Amino acid sequence: MRRLEHIIEPCDEGRQVQAVLRERLHMGRQGIRAAKFREGGITLDGQKALSIDRVRAGQTLAILVGDTEDALADSGVIPVPGPLDIVFEDDDLIVLNKPAGVSTHPGPKHVDDTLGNFLMHYFQATGQRCLLHPVQRLDWGTSGLIVFAKNAHAQDFLQKRLHTGVFCRQYLAFCQGRFDQLKGTVDAPIGCVGHTWQTAAVREGGKEARTHYRLEAQGVLDGAPVARVRLQLETGRTHQIRIHMAHIGHALLGDPDHGGDTQFIERPALHSAFLQVEHPVSGQMLTFEAPLPADLQELNQRL
């Protein structure tokens, strides 16, 4: 469990506890509701407080966030030792540099060999009492930056900001063909063709999806035109970048599901290179970058 504290400022004199928790500590309704039923969950100067109580300047308002012992015992995620490239970590979130070829979360086909399994083992090995709180996901074949929360409050805060200016994700991709313009936006709805998102494609009636791209370099690989492109998501549909690039005639190398050539690389040539998030407690903007992994560095050099 983690205790968040805030000293009441004169400008908040007389306001309700719940209002100050929302605005000063960025707490959501669910987090406040959960704390109400915990021993010492919400306090003013160390004494139990109700969400409707009025605060006074100088008081210390505190709230407990974190996972209960019951939730930890019933997490459903098998802790398994595995490699983790930790880019940043504090009490509320952890940023990892994911390798290609590893799934993000456990599922029917990957029960105990995912980033989530490795992370749960790491939490246990380091004495951290927290569940797996995913904020985003990366495809099995995509490498690069990904963030996990360490408590429900941080998860809720980050997920609500996923597609806003304070949660910026940029990707580098190696695409087929020659681009005629330096930058552009693909605004095309994505929906299921069959019964799952694994068969998603641009289709009328699908969910809105927008991808912004900027050309960084163009060249040839064995006589075939290839471009390195930086992309930024405005929405977050499954396989959005791969689908959108193929839709405009620039399928990613290594992505045969969408028409990409696999002779140069055997996984989609996509890397989460830049991540900027607002910290869920301090409000500080955090910025991270991850260099291209070895297989994409080789492509880049050949390009």
# chains A, B, ... in the order shown; residues from 1 in each chain; ligands from 1
$ residues_around --residues "region 269-284 of chain A" --least-positions-apart "4" --cutoff "9 Å" --atoms "only C-alpha atoms" --output "number ranges by chain"
A: 4, 24-27, 92-93, 97-98, 100, 138, 141-147, 153-158, 161-162, 165-175, 230, 241-242, 252-255, 265, 288-293, 295-296, 299
$ select_by_dssp --residues "region 70-141 of chain A" --states "alpha helix (DSSP H)" --output "list in words"
Asp70, Ala71, Leu72, Ala73, Leu115, Gly116, Asn117, Phe118, Leu119, Met120, His121, Tyr122, Phe123, Gln124 and Ala125 of chain A
$ closest_residue --among "A:Leu115, A:Val77, A:Ile32, A:Met120" --to "Leu64 (chain A)" --atoms "only C-alpha atoms"
A:Ile32
$ closest_atom_pairs --of "region 75-123 of chain A" --to "region 127-131 of chain A" --cutoff "10 Å" --atoms "only C-alpha atoms" --output "Markdown table"
| residue | atom | partner | partner_atom | distance |
| --- | --- | --- | --- | --- |
| A:Ser75 | CA | A:Leu131 | CA | 6.7 |
| A:Gly76 | CA | A:Leu131 | CA | 9.6 |
| A:Val77 | CA | A:Leu131 | CA | 8.6 |
| A:Asp91 | CA | A:Gln128 | CA | 9.2 |
| A:Asp92 | CA | A:Cys130 | CA | 10.0 |
| A:Gly116 | CA | A:Leu131 | CA | 9.8 |
| A:Leu119 | CA | A:Leu131 | CA | 9.3 |
| A:Met120 | CA | A:Leu131 | CA | 7.1 |
| A:His121 | CA | A:Gln128 | CA | 9.9 |
| A:Tyr122 | CA | A:Gln128 | CA | 8.3 |
| A:Phe123 | CA | A:Gln128 | CA | 4.8 |
$ closest_residue --among "A:Ala125, A:Ile52, A:Val202, A:Met1" --to "Ala19 (chain A)" --atoms "only C-alpha atoms"
A:Ile52
$ select_by_dssp --residues "region 12-210 of chain A" --states "strand (DSSP E)" --output "ChimeraX atom specification"
/A:42-44,47-48,60-65,86-89,93-98,133-134,143-149,167-176,183-187,190-192,200-202,210
$ atom_distance --atom1 "CA of Arg228 (chain A)" --atom2 "CA of Trp140 (chain A)"
20.6 Å
$ closest_residue --among "A:Asn300, A:Asn117, A:Thr164, A:Gln124" --to "Thr235 (chain A)" --atoms "only C-alpha atoms"
A:Thr164
$ residues_around --residues "region 212-216 of chain A" --least-positions-apart "3" --cutoff "9 Å" --atoms "only C-alpha atoms" --output "ChimeraX atom specification"
/A:179,181-187,227-234
$ residues_around --residues "His133 (chain A)" --least-positions-apart "2" --cutoff "8 Å" --atoms "only C-alpha atoms" --output "PyMOL selection string"
chain A and resi 131+135+148-152+155
$ write_last_selection --atoms "N, CA and C atoms" --output "PDB file, in the first residue's frame"
ATOM      1  N   LEU A 131      -0.062  -5.573  -7.903  1.00  0.00           N
ATOM      2  CA  LEU A 131      -0.536  -6.384  -9.013  1.00  0.00           C
ATOM      3  C   LEU A 131      -0.011  -5.843 -10.339  1.00  0.00           C
ATOM      4  N   VAL A 135      -1.206  -0.388 -18.693  1.00  0.00           N
ATOM      5  CA  VAL A 135      -1.719   0.897 -19.170  1.00  0.00           C
ATOM      6  C   VAL A 135      -1.906   0.847 -20.680  1.00  0.00           C
ATOM      7  N   PHE A 148       3.814   0.421 -17.239  1.00  0.00           N
ATOM      8  CA  PHE A 148       2.867  -0.268 -16.362  1.00  0.00           C
ATOM      9  C   PHE A 148       2.703   0.572 -15.107  1.00  0.00           C
ATOM     10  N   ALA A 149       1.485   0.596 -14.575  1.00  0.00           N
ATOM     11  CA  ALA A 149       1.244   1.268 -13.299  1.00  0.00           C
ATOM     12  C   ALA A 149       1.473   0.273 -12.168  1.00  0.00           C
ATOM     13  N   LYS A 150       1.682   0.812 -10.968  1.00  0.00           N
ATOM     14  CA  LYS A 150       1.887  -0.040  -9.793  1.00  0.00           C
ATOM     15  C   LYS A 150       0.692  -0.036  -8.848  1.00  0.00           C
ATOM     16  N   ASN A 151      -0.321   0.736  -9.160  1.00  0.00           N
ATOM     17  CA  ASN A 151      -1.539   0.728  -8.364  1.00  0.00           C
ATOM     18  C   ASN A 151      -2.697   1.174  -9.249  1.00  0.00           C
ATOM     19  N   ALA A 152      -3.904   0.922  -8.770  1.00  0.00           N
ATOM     20  CA  ALA A 152      -5.092   1.216  -9.581  1.00  0.00           C
ATOM     21  C   ALA A 152      -5.245   2.704  -9.850  1.00  0.00           C
ATOM     22  N   GLN A 155      -2.921   3.586 -12.677  1.00  0.00           N
ATOM     23  CA  GLN A 155      -3.441   2.986 -13.902  1.00  0.00           C
ATOM     24  C   GLN A 155      -4.600   3.799 -14.470  1.00  0.00           C
TER      25      GLN A 155
END
$ residues_around --residues "Pro189 (chain A)" --least-positions-apart "5" --cutoff "10 Å" --atoms "only C-alpha atoms" --output "MDAnalysis selection string"
chainID A and resid 201:210 237 240 244
$ atom_distance --atom1 "CA of Gly219 (chain A)" --atom2 "CA of Leu303 (chain A)"
5.3 Å
$ closest_residue --among "A:Phe37, A:Gly31, A:Ser51, A:Asp112" --to "Val17 (chain A)" --atoms "only C-alpha atoms"
A:Ser51
$ closest_residue --among "A:Val55, A:Ile63, A:Val95, A:Ala35" --to "Leu286 (chain A)" --atoms "only C-alpha atoms"
A:Val95
